[in-house]
Every structure is written in C-alpha cells, then in structure tokens.
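**Student:** This is the structure I want to talk about, given as structure tokens.
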Amino acid sequence: MDTKKTGPKALHVLQAQRREEAERSVLISCLPRTHHNKFLKYLSRHGDVNKCFFYESFGTYAVVEFSDRDGVGSLLESAAVPSISHESVVPLRSRLLAVRNISTVDTQSAPQCQPQKALPINDLIQQLSSCTNLEQQIVSLTEAHSLTEENIRLRFLVCSLLNDVASAFFPDCSIRPFGSSVNGFGKLGCDLDMFLDLDAIGAGKSNVSRSTAPYVEYQMKRSSSERAVTQGVLSVIAESLEQLGPGCVGVQKILNARCPLVRFAHQPSGFQCDLTANNRVAMRSTEMLYVFGELDPRVRALVFTVRCWARAHGITSSIPGAWITNFSLTIMVVFFLQRRSPPILPTLDQLKELAGPSQKCIIDGNDCTFSSDFDKIQMKSNSESLDRLLSDFFEFYSTFLFNKMSINIRKGKEEHKPELGPLHIQNPFETSLNVSKNVNATQLERFVTLCQESAWSLQNGGTLTALLLPSHVAAIKSRKKRKREPASERIKGLLESLRTKNNGPKKCCLDA
Ligand code: GTP
Ligand code: MG
C-alpha cells in the first residue's frame, strides 16, 4: 500500500472543485421550521441532492447542492414567477428561489441552522475560560473562528450567483473569491472579496493567427487606459447588481480607489461583498497566504489569535482609517515566523527559487513567481509551542525598531525603511509599496504598548482570556494618569481584577 503522505491541495484545484459544486447548487428561502424531509423529498423529484443545509440571514435559507446540473435545470424549469399585486418584478430569473406550501414542524424537530457568524467575544471568552491551558485556548479560538465547510460553500455559491448576473454582459467572465474567504485565515462573518476575471475575453487572447491570410477581428470600444476600462466595466456591473441582482442591496461604486471596486450587501447570505476586477496581484497574495497557512498548523492558530486580540482592543477596525489591517497583521505574523530559529516559514524569495519555469508569473511588471508545490517546500524541524510563539510574538514587536526598519517577508529579514511613515511593511509583490501606509503613529504606538503589556502578561502566567478582555486595554489607557505607580504594581492589580472578573458574573459589556 502506498502510504506516502500527500501535501494539501493546490489552491486552484480547491477553487475549481468548489466552483463546480456551486454551479450545481441553488439558494432557497424557506420558513424557519420547514419540514426537512418533505423539503428534501420535493427537491429529489428534480435530481439527487448531494448536500442540503439551513442557515439564517434576514430569514431562513437552504443551500441545496444537486449531484449534477440537470437537477438545477429541472428545478428552475418548474419554478413559478411570483404574482404580486402592488409591485412589479424585474424579469431576471436566477438560482435564488423561495419554496412555497411546504409544511412546517414544531420547534424541537426544526432543522438545525448552521452558524454563519463568529461567536460574540463575550461568549468566546467564556468558552476559552473552560480550557485548561493557553495552547488549548489558542486551538479553541482558531476552531471557533475558522470558516466552516458550509460557510465556504455559501461563499462560492454567492460568487456563482453573481457570476450569472455578470455573464449577461460578459458571457465568459468568472467571479472568484479571494482574500480571507479562501486564504485559510477567514473568520466567520468576514467580508467576501471577489474578483471579476475578464481575461478569457480580453484583448491579446485571440487564438486567430494574424498571418497574411484573411481574418476578421472584433470591433471593440477603446478606452484611454486599462484602469478606465476596469472602472467602466465595474460601473456597469454595479448598475446591473443594483437594478437586477436579486438580494443585492446598498450598491456603492468606489471607482477612484487605487484598486477600483463595487461594494454591496448580499442580503440572502448576509455577506458584505467587495467586487474588484483586474486585481491579479491580490489573487497571488491570496495564494501566498494560503501556502503559508497550509505549511504549518501553528501559522493559522497564531494569525487567528493575533487578529482576535487586535480586534478586541480596537487595533483593527471594520471602518477604514489609520488602523492596522488584518492583512498587515497576517504579514507581521508571517515575518515573525520566518525569523524563528530554525524558521517555521520560508521567505518569499526561497519560494521563488523553488518555482519551475511553468510557475513564472509576471503581473504588470511585478515578479509574482513562487512555488506552491508543498512537496518541494522543506523546512527544518521546529517544535516550539504555541504558548511560546504567542508570547514571543508580542515580545518581538515590543522591541522591533519600527522607526528605522521595514518588515520584509520576501527577504525574511528587516531592512532599512525607504520612507518615513510610522510602519513600513513591504508589499510582497509590488515591492515599492507599503502595505501599511495608512497607519499613523498613534495606532502604531497603541499596537506596541499592547504588545508590551501582553508579553508581560503571558510571561507572568496570564491566559488568553485575560489578553482578550478590553479591561486590559482600559487599564493601559489609564496608565498615563497613574504614572506614579510602578508598572509591575499596576499590572499585578490588573491581573487581580481580571481574576476577580473571571470568577464573578460573566456578563461584562464588550463591544469589540
Ligand atoms: P479580512 O477581510 O479582514 O478578513 O481579511 P482579508 O485578507 O480578506 O483582507 P481584505 O478584505 O482587506 O483584502 C482582501 C485581500 O486583498 C487580502 O487578502 C490581500 O490579498 C489583498 N490586500 C488587502 N490589502 C492589501 C494591501 O494593502 N496591499 C496588498 N498588496 N494587498 C492587499
Ligand atoms: Mg476580506
């Protein structure tokens, strides 16, 4: 028997599989206590149902995956157009449906809804307080926050539904998820970043040989730049989602951003969506993070923990501004793990050296080549515990020379900053850019102070529960007012108050 352990699947293989599943799926609005068996019986008249699960988002929905596309076709064929007396319907049919006249059951026998949002921080803290040690807490947090199988399916299904709308204009386009929906670092409830791929249609993709023999070519509208084309295409897609896209609300065109995008909410899934086009570098950074996350389970665990800690203390925010972003934080964790001895992660340059000629990838003049072949990437054994790594992460960034040095995951070592901004994290592919250009000195200072306090807390037996409590930061905020008190005394007092809090009623008011 061949017992050779195979590495994780390549991202493009996983994505193709998910896309194909999504194309065989429909999204159905139903009553909260829909009779599961009758519902399935009705659906199976149209084809074999591979998978069916329920969730709640402005109502109850079911994701139904048929074993082939004929099942979807048959169901759509049988579907009625709603008859509405005081409104009119937009004549666009999609795979977003509603089931009528199916009986319901009592609450106890109602189908279980799959959670699509992460636990509120209060509940998470309570869950973590039952873990026996820090390592368990980190693992438990990672499990609680990770995207579930169902949530990933739903993300691909939403892309596929939107693809149907976009293909009315661009029949060969494809809408694909990127960012944390697919890079392994997505938290339940995170936004859905999508990429509209028009390459199959774009100029220069013609298979006609322009020889001396006669041929015809398309007459295509011209625009002043590729950026202008992207803006125009996204503007049209935004209009069509607004006017025709079932479930798409609050469509905003953000076309003057460095990377033009359309932002909207997809109500049936509850996802906040960002749709971009011509954003191939972000697809490469998604794949890079996926590779790093799959190389060692400690990577995801540490990233989830650091992101949660940062969110709990307002280091990151859902509002754009001078805050550190989740993407920057992830790069900081990667860099820290590249700096371990022996390193837990390879540098991007090392991954580039491992790439074969077929993996060469140049996007807009930027070399985005790296190998994602897990069988080729070999690391020396490093058995450091998660406790140690978390504590050392805080220590590492407590003392990092942010005023002089830049974080560079391509080289895996700090370099002199090429510009003055408070935090410099080199963009791994567009190397002249700073990923954290938005961060101001105050936010960096808050990050460093929290790293110092958290390192101290962990080195003195603190737990993750204590690190996630905002009272921890409240104490830091008021530190300046209590300057006369020695630091060790203040922290002792803080830990004492946390201990009391943990033993007392769990209902504290947290807004993170
Ligand atoms: P969350 O949405 O916060 O869970 O994380 P995310 O990784 O999805 O981040 P975000 O939605 O902000 O961005 C989506 C993807 O775009 C990221 O995963 C990166 O691949 C890319 N990206 C985001 N910000 C930057 C940036 O400043 N520079 C570069 N080069 N890429 C970025
Ligand atoms: Mg995102």
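So you can find residues: chains in the structure tokens are A, B, ... in the order shown, residues in each start at 1, and ligands are numbered from 1 in order.
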Write out as an NGL selection string the set of residues from region 160-375 of chain A that DSSP, computed on the backbone, places in alpha helix (DSSP H).

**Tutor:** :A and (160-166 or 226-244 or 280-295 or 297-312 or 326-338 or 348-354)

**Student:** Produce as a ChimeraX atom specification the set of residues near ligand 1, where near means within 6 Å with only C-alpha atoms and all ligand atoms considered.

**Tutor:** /A:179-180,186,190-191,193,282,285-286,326-327,427,435

**Student:** Save out the residues we just selected, C-alpha atoms, as a PDB file, in the first residue's frame.

**Tutor:**
ATOM      1  CA  GLY A 179      -8.723  37.246   0.314  1.00  0.00           C
ATOM      2  CA  SER A 180      -9.701  35.677   3.595  1.00  0.00           C
ATOM      3  CA  GLY A 186     -11.062  33.854   7.116  1.00  0.00           C
ATOM      4  CA  CYS A 190     -15.617  38.221   7.274  1.00  0.00           C
ATOM      5  CA  ASP A 191     -16.320  40.105   4.051  1.00  0.00           C
ATOM      6  CA  ASP A 193     -13.762  39.691  -1.631  1.00  0.00           C
ATOM      7  CA  ALA A 282      -4.266  40.273  -4.843  1.00  0.00           C
ATOM      8  CA  SER A 285      -1.117  37.320  -2.324  1.00  0.00           C
ATOM      9  CA  THR A 286      -4.149  35.191  -1.513  1.00  0.00           C
ATOM     10  CA  ASN A 326      -5.833  42.243   9.138  1.00  0.00           C
ATOM     11  CA  PHE A 327      -3.707  41.773   6.029  1.00  0.00           C
ATOM     12  CA  ASN A 427       4.193  44.873  -0.250  1.00  0.00           C
ATOM     13  CA  VAL A 435       1.080  47.713   2.791  1.00  0.00           C
TER      14      VAL A 435
END

**Student:** List every residue of chain A that has an atom at most 12 Å from any atom of ligand 2, giving for each one its closest atom pair and the distance in Å to one decimal, counting only C-alpha atoms and all ligand atoms, sorted by chain and then by ascending residue number, as JSON lines.

**Tutor:**
{"residue": "A:Arg155", "atom": "CA", "partner": "ligand 2", "partner_atom_place_in_ligand_line": "1 (Mg)", "distance": 11.9}
{"residue": "A:Pro177", "atom": "CA", "partner": "ligand 2", "partner_atom_place_in_ligand_line": "1 (Mg)", "distance": 9.5}
{"residue": "A:Phe178", "atom": "CA", "partner": "ligand 2", "partner_atom_place_in_ligand_line": "1 (Mg)", "distance": 7.7}
{"residue": "A:Gly179", "atom": "CA", "partner": "ligand 2", "partner_atom_place_in_ligand_line": "1 (Mg)", "distance": 5.1}
{"residue": "A:Ser180", "atom": "CA", "partner": "ligand 2", "partner_atom_place_in_ligand_line": "1 (Mg)", "distance": 5.1}
{"residue": "A:Ser181", "atom": "CA", "partner": "ligand 2", "partner_atom_place_in_ligand_line": "1 (Mg)", "distance": 6.8}
{"residue": "A:Val182", "atom": "CA", "partner": "ligand 2", "partner_atom_place_in_ligand_line": "1 (Mg)", "distance": 9.5}
{"residue": "A:Asn183", "atom": "CA", "partner": "ligand 2", "partner_atom_place_in_ligand_line": "1 (Mg)", "distance": 9.8}
{"residue": "A:Gly184", "atom": "CA", "partner": "ligand 2", "partner_atom_place_in_ligand_line": "1 (Mg)", "distance": 11.5}
{"residue": "A:Phe185", "atom": "CA", "partner": "ligand 2", "partner_atom_place_in_ligand_line": "1 (Mg)", "distance": 9.6}
{"residue": "A:Gly186", "atom": "CA", "partner": "ligand 2", "partner_atom_place_in_ligand_line": "1 (Mg)", "distance": 7.7}
{"residue": "A:Lys187", "atom": "CA", "partner": "ligand 2", "partner_atom_place_in_ligand_line": "1 (Mg)", "distance": 9.5}
{"residue": "A:Leu188", "atom": "CA", "partner": "ligand 2", "partner_atom_place_in_ligand_line": "1 (Mg)", "distance": 11.2}
{"residue": "A:Gly189", "atom": "CA", "partner": "ligand 2", "partner_atom_place_in_ligand_line": "1 (Mg)", "distance": 10.0}
{"residue": "A:Cys190", "atom": "CA", "partner": "ligand 2", "partner_atom_place_in_ligand_line": "1 (Mg)", "distance": 6.2}
{"residue": "A:Asp191", "atom": "CA", "partner": "ligand 2", "partner_atom_place_in_ligand_line": "1 (Mg)", "distance": 4.9}
{"residue": "A:Leu192", "atom": "CA", "partner": "ligand 2", "partner_atom_place_in_ligand_line": "1 (Mg)", "distance": 5.8}
{"residue": "A:Asp193", "atom": "CA", "partner": "ligand 2", "partner_atom_place_in_ligand_line": "1 (Mg)", "distance": 5.3}
{"residue": "A:Met194", "atom": "CA", "partner": "ligand 2", "partner_atom_place_in_ligand_line": "1 (Mg)", "distance": 9.0}
{"residue": "A:Phe195", "atom": "CA", "partner": "ligand 2", "partner_atom_place_in_ligand_line": "1 (Mg)", "distance": 11.6}
{"residue": "A:Arg263", "atom": "CA", "partner": "ligand 2", "partner_atom_place_in_ligand_line": "1 (Mg)", "distance": 11.8}
{"residue": "A:Phe271", "atom": "CA", "partner": "ligand 2", "partner_atom_place_in_ligand_line": "1 (Mg)", "distance": 10.7}
{"residue": "A:Gln272", "atom": "CA", "partner": "ligand 2", "partner_atom_place_in_ligand_line": "1 (Mg)", "distance": 9.3}
{"residue": "A:Cys273", "atom": "CA", "partner": "ligand 2", "partner_atom_place_in_ligand_line": "1 (Mg)", "distance": 8.7}
{"residue": "A:Asp274", "atom": "CA", "partner": "ligand 2", "partner_atom_place_in_ligand_line": "1 (Mg)", "distance": 8.0}
{"residue": "A:Leu275", "atom": "CA", "partner": "ligand 2", "partner_atom_place_in_ligand_line": "1 (Mg)", "distance": 10.6}
{"residue": "A:Thr276", "atom": "CA", "partner": "ligand 2", "partner_atom_place_in_ligand_line": "1 (Mg)", "distance": 11.8}
{"residue": "A:Ala282", "atom": "CA", "partner": "ligand 2", "partner_atom_place_in_ligand_line": "1 (Mg)", "distance": 10.8}
{"residue": "A:Met283", "atom": "CA", "partner": "ligand 2", "partner_atom_place_in_ligand_line": "1 (Mg)", "distance": 11.9}
{"residue": "A:Thr286", "atom": "CA", "partner": "ligand 2", "partner_atom_place_in_ligand_line": "1 (Mg)", "distance": 10.2}
{"residue": "A:Ser318", "atom": "CA", "partner": "ligand 2", "partner_atom_place_in_ligand_line": "1 (Mg)", "distance": 10.4}
{"residue": "A:Thr325", "atom": "CA", "partner": "ligand 2", "partner_atom_place_in_ligand_line": "1 (Mg)", "distance": 10.1}
{"residue": "A:Asn326", "atom": "CA", "partner": "ligand 2", "partner_atom_place_in_ligand_line": "1 (Mg)", "distance": 8.5}
{"residue": "A:Phe327", "atom": "CA", "partner": "ligand 2", "partner_atom_place_in_ligand_line": "1 (Mg)", "distance": 8.5}

**Student:** Check the smallest atom-to-atom distance from each of A:Lys38, A:Arg280, A:Lys417, A:Arg298 to Glu135 (chain A) using only C-alpha atoms, then report the winner.

**Tutor:**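 Nearest to Glu135 (chain A): A:Arg298.
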
**Student:** With only C-alpha atoms as the atoms that count, which of A:Ile324, A:Met332, A:Ala265, A:Val64 lies nearest to Val249 (chain A)?

**Tutor:**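 Closest candidate: A:Ala265.
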
**Student:** Need to verify the contact set: Ser341 (chain A), 12 Å, only C-alpha atoms, exclusion of same-chain residues closer than 3 positions in sequence. Can you return it as a PyMOL selection string?

**Tutor:** chain A and resi 336-338+344-346+379-384+389

**Student:** Smallest atom-to-atom distance to Ile138 (chain A): which of A:Thr305, A:Thr230, A:Ser457, A:Ser67, using only C-alpha atoms?

**Tutor:**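 Closest residue, counting only C-alpha atoms: A:Thr305.
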
**Student:** Sorted by chain and rising residue number, which residues of region 39-158 of chain A lie within 9 Å of region 299-303 of chain A, and what are their closest atom pairs and distances in Å to one decimal, counting only C-alpha atoms, as JSON lines?

**Tutor:**
{"residue": "A:Ile138", "atom": "CA", "partner": "A:Ala301", "partner_atom": "CA", "distance": 6.4}
{"residue": "A:Val139", "atom": "CA", "partner": "A:Ala301", "partner_atom": "CA", "distance": 6.3}
{"residue": "A:Leu141", "atom": "CA", "partner": "A:Ala301", "partner_atom": "CA", "distance": 8.0}
{"residue": "A:Thr142", "atom": "CA", "partner": "A:Ala301", "partner_atom": "CA", "distance": 5.5}
{"residue": "A:Glu143", "atom": "CA", "partner": "A:Ala301", "partner_atom": "CA", "distance": 8.7}

**Student:** Please write the residues from the selection above to a file, keeping C-alpha atoms, as an mmCIF file, in the first residue's frame.

**Tutor:**
data_model
loop_
_atom_site.group_PDB
_atom_site.id
_atom_site.type_symbol
_atom_site.label_atom_id
_atom_site.label_comp_id
_atom_site.auth_asym_id
_atom_site.auth_seq_id
_atom_site.Cartn_x
_atom_site.Cartn_y
_atom_site.Cartn_z
ATOM 1 C CA ILE A 138 -5.440 29.148 21.073
ATOM 2 C CA VAL A 139 -6.646 25.968 19.350
ATOM 3 C CA LEU A 141 -10.234 30.126 19.392
ATOM 4 C CA THR A 142 -8.935 29.046 15.982
ATOM 5 C CA GLU A 143 -11.666 26.412 15.652
#

**Student:** To one decimal place, how far is CA of Glu87 (chain A) from CA of Tyr61 (chain A) in Å?

**Tutor:**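 Distance between the two atoms: 23.3 Å.
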
**Student:** Counting only C-alpha atoms, what is within 10 Å of Ala238 (chain A), bar same-chain residues fewer than 3 positions away, as number ranges by chain?

**Tutor:** A: 166, 232-235, 241-245, 248, 251-254, 261-264, 275

**Student:** Once you have the residues from the selection above, write them out as a short mmCIF file (atom, residue, chain, number, x, y, z; two decimals), in the first residue's frame, restricted to N, CA and C atoms.

**Tutor:**
data_model
loop_
_atom_site.label_atom_id
_atom_site.label_comp_id
_atom_site.auth_asym_id
_atom_site.auth_seq_id
_atom_site.Cartn_x
_atom_site.Cartn_y
_atom_site.Cartn_z
N ALA A 166 -23.41 38.82 -14.01
CA ALA A 166 -22.34 39.45 -14.80
C ALA A 166 -22.23 38.82 -16.18
N GLY A 232 -15.06 51.33 -16.05
CA GLY A 232 -16.29 51.26 -16.86
C GLY A 232 -17.02 49.94 -16.65
N VAL A 233 -16.25 48.86 -16.68
CA VAL A 233 -16.86 47.52 -16.52
C VAL A 233 -17.50 47.40 -15.13
N LEU A 234 -16.76 47.84 -14.11
CA LEU A 234 -17.31 47.73 -12.75
C LEU A 234 -18.54 48.60 -12.58
N SER A 235 -18.55 49.74 -13.26
CA SER A 235 -19.70 50.63 -13.16
C SER A 235 -20.94 49.94 -13.73
N LEU A 241 -26.19 45.00 -10.78
CA LEU A 241 -26.47 44.39 -9.48
C LEU A 241 -27.56 45.19 -8.75
N GLU A 242 -27.44 46.51 -8.86
CA GLU A 242 -28.41 47.38 -8.21
C GLU A 242 -29.81 47.19 -8.80
N GLN A 243 -29.88 47.16 -10.12
CA GLN A 243 -31.18 47.13 -10.79
C GLN A 243 -31.75 45.72 -10.91
N LEU A 244 -30.86 44.76 -11.11
CA LEU A 244 -31.36 43.42 -11.47
C LEU A 244 -30.98 42.31 -10.49
N GLY A 245 -29.93 42.51 -9.72
CA GLY A 245 -29.39 41.41 -8.91
C GLY A 245 -30.27 41.08 -7.72
N CYS A 248 -29.18 41.85 -3.86
CA CYS A 248 -28.05 42.79 -3.75
C CYS A 248 -28.58 44.16 -3.34
N VAL A 251 -25.68 49.10 -3.12
CA VAL A 251 -24.53 49.01 -4.03
C VAL A 251 -23.81 50.37 -4.09
N GLN A 252 -22.50 50.35 -3.84
CA GLN A 252 -21.69 51.58 -3.90
C GLN A 252 -20.58 51.38 -4.91
N LYS A 253 -20.38 52.37 -5.74
CA LYS A 253 -19.25 52.30 -6.69
C LYS A 253 -18.09 53.04 -6.05
N ILE A 254 -16.98 52.36 -5.84
CA ILE A 254 -15.79 53.04 -5.27
C ILE A 254 -14.71 52.93 -6.34
N LEU A 261 -13.45 49.33 -6.97
CA LEU A 261 -14.29 48.22 -6.50
C LEU A 261 -15.76 48.60 -6.41
N VAL A 262 -16.60 47.60 -6.34
CA VAL A 262 -18.02 47.79 -6.10
C VAL A 262 -18.33 47.10 -4.78
N ARG A 263 -18.96 47.86 -3.88
CA ARG A 263 -19.24 47.30 -2.54
C ARG A 263 -20.75 47.17 -2.38
N PHE A 264 -21.23 46.08 -1.86
CA PHE A 264 -22.67 45.92 -1.64
C PHE A 264 -22.91 44.83 -0.61
N LEU A 275 -16.35 43.71 -4.82
CA LEU A 275 -16.04 43.13 -6.13
C LEU A 275 -15.01 43.99 -6.84
#

**Student:** Using only C-alpha atoms, what does the table of region 294-383 of chain A residues within 12 Å of region 111-120 of chain A look like, with each row giving the shortest atom pair and its distance in Å to one decimal, sorted by chain and ascending number, as a Markdown table?

**Tutor:**
| residue | atom | partner | partner_atom | distance |
| --- | --- | --- | --- | --- |
| A:Cys308 | CA | A:Ala118 | CA | 10.9 |
| A:Arg311 | CA | A:Pro120 | CA | 11.9 |
| A:Ala312 | CA | A:Pro120 | CA | 10.6 |

**Student:** Limited to all heavy atoms, could you put the picked residues into a file as a PDB file, in the first residue's frame?

**Tutor:**
ATOM      1  N   CYS A 308      -7.693  38.239  16.574  1.00  0.00           N
ATOM      2  CA  CYS A 308      -8.773  38.359  17.552  1.00  0.00           C
ATOM      3  C   CYS A 308      -8.368  39.329  18.662  1.00  0.00           C
ATOM      4  O   CYS A 308      -9.140  40.204  19.069  1.00  0.00           O
ATOM      5  CB  CYS A 308      -9.093  36.968  18.102  1.00  0.00           C
ATOM      6  SG  CYS A 308     -10.417  36.986  19.290  1.00  0.00           S
ATOM      7  N   ARG A 311      -8.522  42.839  17.330  1.00  0.00           N
ATOM      8  CA  ARG A 311      -9.899  43.328  17.160  1.00  0.00           C
ATOM      9  C   ARG A 311     -10.506  43.673  18.520  1.00  0.00           C
ATOM     10  O   ARG A 311     -11.195  44.687  18.659  1.00  0.00           O
ATOM     11  CB  ARG A 311     -10.726  42.252  16.445  1.00  0.00           C
ATOM     12  CG  ARG A 311     -12.102  42.684  16.035  1.00  0.00           C
ATOM     13  CD  ARG A 311     -12.013  43.646  14.852  1.00  0.00           C
ATOM     14  NE  ARG A 311     -13.331  44.168  14.516  1.00  0.00           N
ATOM     15  CZ  ARG A 311     -13.864  45.256  15.076  1.00  0.00           C
ATOM     16  NH1 ARG A 311     -13.174  45.937  15.974  1.00  0.00           N
ATOM     17  NH2 ARG A 311     -15.046  45.667  14.717  1.00  0.00           N
ATOM     18  N   ALA A 312     -10.219  42.823  19.503  1.00  0.00           N
ATOM     19  CA  ALA A 312     -10.792  43.042  20.837  1.00  0.00           C
ATOM     20  C   ALA A 312     -10.315  44.371  21.424  1.00  0.00           C
ATOM     21  O   ALA A 312     -11.015  44.987  22.215  1.00  0.00           O
ATOM     22  CB  ALA A 312     -10.417  41.889  21.758  1.00  0.00           C
TER      23      ALA A 312
END

**Student:** Using backbone DSSP assignments, extract all strand (DSSP E or B) residues from region 76-247 of chain A; output them as an MDAnalysis selection string.

**Tutor:** chainID A and resid 96:98 104 113 146 174:178 187 192:197

**Student:** I want to know what sits within 10 Å of Asp172 (chain A), based on only C-alpha atoms, with residues of the same chain fewer than 2 positions away left out; could you give that as number ranges by chain?

**Tutor:** A: 163, 166-170, 174, 197-201

**Student:** Using only C-alpha atoms, determine which residues lie at most 12 Å from Cys361 (chain A), disregarding the query and same-chain residues fewer than 3 positions distant; provide the list as a PyMOL selection string.

**Tutor:** chain A and resi 280-281+283-284+352+355-358+364-371+429

**Student:** Would you mind exporting all heavy atoms of the selected residues as a CSV table (one decimal), in the first residue's frame?

**Tutor:**
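Result file follows (result28.csv):
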chain,number,residue,atom,x,y,z
A,280,ARG,N,-5.0,41.1,-10.2
A,280,ARG,CA,-4.4,39.7,-10.2
A,280,ARG,C,-3.3,39.6,-9.1
A,280,ARG,O,-3.1,38.5,-8.6
A,280,ARG,CB,-3.7,39.5,-11.6
A,280,ARG,CG,-4.7,39.5,-12.7
A,280,ARG,CD,-4.3,38.6,-13.8
A,280,ARG,NE,-5.5,38.2,-14.5
A,280,ARG,CZ,-6.0,37.0,-14.2
A,280,ARG,NH1,-5.5,36.2,-13.4
A,280,ARG,NH2,-7.1,36.6,-14.8
A,281,VAL,N,-2.7,40.8,-8.7
A,281,VAL,CA,-1.7,40.7,-7.6
A,281,VAL,C,-2.4,40.2,-6.3
A,281,VAL,O,-1.8,39.4,-5.6
A,281,VAL,CB,-1.0,42.0,-7.5
A,281,VAL,CG1,0.0,42.0,-6.3
A,281,VAL,CG2,-0.3,42.4,-8.7
A,283,MET,N,-4.8,38.2,-6.1
A,283,MET,CA,-5.0,36.8,-6.2
A,283,MET,C,-3.7,36.1,-5.8
A,283,MET,O,-3.8,35.0,-5.2
A,283,MET,CB,-5.4,36.4,-7.6
A,283,MET,CG,-6.7,37.0,-8.1
A,283,MET,SD,-8.1,36.4,-7.2
A,283,MET,CE,-8.4,34.8,-7.9
A,284,ARG,N,-2.6,36.6,-6.2
A,284,ARG,CA,-1.3,36.0,-5.9
A,284,ARG,C,-1.0,36.1,-4.4
A,284,ARG,O,-0.5,35.2,-3.8
A,284,ARG,CB,-0.1,36.6,-6.7
A,284,ARG,CG,-0.1,36.3,-8.1
A,284,ARG,CD,0.0,34.8,-8.3
A,284,ARG,NE,1.3,34.2,-8.2
A,284,ARG,CZ,1.6,32.9,-8.2
A,284,ARG,NH1,0.6,32.0,-8.2
A,284,ARG,NH2,2.8,32.5,-8.1
A,352,LYS,N,10.3,31.5,-4.3
A,352,LYS,CA,10.5,31.9,-5.7
A,352,LYS,C,11.6,31.0,-6.4
A,352,LYS,O,11.5,30.5,-7.5
A,352,LYS,CB,11.0,33.3,-5.8
A,352,LYS,CG,11.1,33.9,-7.2
A,352,LYS,CD,11.5,35.3,-7.1
A,352,LYS,CE,12.2,35.7,-8.4
A,352,LYS,NZ,12.7,37.1,-8.3
A,355,ALA,N,10.4,27.6,-7.6
A,355,ALA,CA,9.4,27.6,-8.7
A,355,ALA,C,10.1,27.2,-10.0
A,355,ALA,O,11.2,27.5,-10.3
A,355,ALA,CB,8.8,29.0,-8.9
A,356,GLY,N,9.4,26.3,-10.7
A,356,GLY,CA,9.9,25.9,-12.0
A,356,GLY,C,9.5,26.9,-13.1
A,356,GLY,O,8.7,27.8,-12.8
A,357,PRO,N,10.0,26.7,-14.3
A,357,PRO,CA,9.7,27.7,-15.4
A,357,PRO,C,8.2,27.9,-15.6
A,357,PRO,O,7.7,29.0,-15.9
A,357,PRO,CB,10.3,27.1,-16.6
A,357,PRO,CG,11.2,26.0,-16.1
A,357,PRO,CD,10.8,25.6,-14.8
A,358,SER,N,7.4,26.8,-15.4
A,358,SER,CA,5.9,26.9,-15.7
A,358,SER,C,5.2,27.8,-14.7
A,358,SER,O,4.1,28.2,-14.8
A,358,SER,CB,5.3,25.5,-15.8
A,358,SER,OG,5.4,25.0,-14.5
A,364,ASP,N,1.8,42.9,-14.4
A,364,ASP,CA,2.0,44.4,-14.6
A,364,ASP,C,3.5,44.7,-14.2
A,364,ASP,O,3.8,45.7,-13.5
A,364,ASP,CB,1.1,45.2,-13.6
A,364,ASP,CG,-0.4,44.9,-13.9
A,364,ASP,OD1,-0.7,44.6,-15.1
A,364,ASP,OD2,-1.2,45.1,-13.0
A,365,GLY,N,4.4,43.9,-14.7
A,365,GLY,CA,5.8,44.1,-14.5
A,365,GLY,C,6.3,43.7,-13.1
A,365,GLY,O,7.5,43.8,-12.8
A,366,ASN,N,5.4,43.2,-12.3
A,366,ASN,CA,5.9,42.7,-10.9
A,366,ASN,C,6.1,41.2,-11.0
A,366,ASN,O,5.2,40.5,-11.4
A,366,ASN,CB,4.8,43.0,-9.9
A,366,ASN,CG,4.5,44.5,-9.8
A,366,ASN,OD1,5.4,45.3,-9.5
A,366,ASN,ND2,3.3,44.9,-10.0
A,367,ASP,N,7.2,40.8,-10.4
A,367,ASP,CA,7.5,39.4,-10.4
A,367,ASP,C,6.8,38.7,-9.2
A,367,ASP,O,7.1,38.9,-8.1
A,367,ASP,CB,9.0,39.1,-10.3
A,367,ASP,CG,9.4,37.7,-10.6
A,367,ASP,OD1,8.5,36.8,-10.6
A,367,ASP,OD2,10.6,37.4,-10.8
A,368,CYS,N,5.8,38.0,-9.6
A,368,CYS,CA,4.9,37.3,-8.6
A,368,CYS,C,5.2,35.8,-8.6
A,368,CYS,O,4.3,35.0,-8.2
A,368,CYS,CB,3.4,37.6,-8.8
A,368,CYS,SG,3.0,39.3,-8.8
A,369,THR,N,6.4,35.4,-9.0
A,369,THR,CA,6.6,34.0,-9.1
A,369,THR,C,6.9,33.4,-7.7
A,369,THR,O,7.7,34.0,-6.9
A,369,THR,CB,7.9,33.8,-9.9
A,369,THR,OG1,7.8,34.4,-11.2
A,369,THR,CG2,8.2,32.3,-10.2
A,370,PHE,N,6.3,32.3,-7.4
A,370,PHE,CA,6.7,31.5,-6.2
A,370,PHE,C,6.1,30.1,-6.4
A,370,PHE,O,5.2,29.9,-7.1
A,370,PHE,CB,6.2,32.1,-4.9
A,370,PHE,CG,4.8,32.2,-4.7
A,370,PHE,CD1,4.0,31.2,-4.2
A,370,PHE,CD2,4.1,33.4,-5.1
A,370,PHE,CE1,2.6,31.3,-4.0
A,370,PHE,CE2,2.7,33.5,-5.0
A,370,PHE,CZ,2.0,32.5,-4.4
A,371,SER,N,6.7,29.1,-5.7
A,371,SER,CA,6.2,27.8,-5.8
A,371,SER,C,5.2,27.5,-4.8
A,371,SER,O,5.3,27.9,-3.6
A,371,SER,CB,7.4,26.8,-5.6
A,371,SER,OG,6.9,25.5,-5.5
A,429,PHE,N,4.7,41.8,-3.4
A,429,PHE,CA,4.8,41.7,-4.9
A,429,PHE,C,5.1,43.1,-5.6
A,429,PHE,O,5.8,43.1,-6.5
A,429,PHE,CB,3.6,41.0,-5.4
A,429,PHE,CG,3.4,39.6,-4.9
A,429,PHE,CD1,2.3,39.3,-4.1
A,429,PHE,CD2,4.3,38.7,-5.2
A,429,PHE,CE1,2.2,38.0,-3.6
A,429,PHE,CE2,4.2,37.4,-4.7
A,429,PHE,CZ,3.1,37.0,-3.9

**Student:** Got a sec: who's within 9 Å of Tyr397 (chain A), counting only C-alpha atoms, leaving out chain neighbours fewer than 3 positions off, as an MDAnalysis selection string?

**Tutor:** chainID A and resid 332 336 392:394 400:402 447:448 451:452

**Student:** Work out how far apart CA of Gln136 (chain A) and CA of Gln378 (chain A) are and give it in Å to one decimal.

**Tutor:**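 We find that CA of Gln136 (chain A) and CA of Gln378 (chain A) lie 27.2 Å from each other.
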
**Student:** Find the distance between CA of Val439 (chain A) and CA of His424 (chain A) and write it in Å to one decimal.

**Tutor:**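 Taking CA of Val439 (chain A) and CA of His424 (chain A), their separation equals 9.0 Å.
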
**Student:** Which of these residues is nearest to Glu149 (chain A), using only C-alpha atoms: A:Ser317, A:Phe53, A:Ser398, A:Ile407?

**Tutor:**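 Ranking A:Ser317, A:Phe53, A:Ser398, A:Ile407 by distance to Glu149 (chain A), first place goes to A:Phe53.
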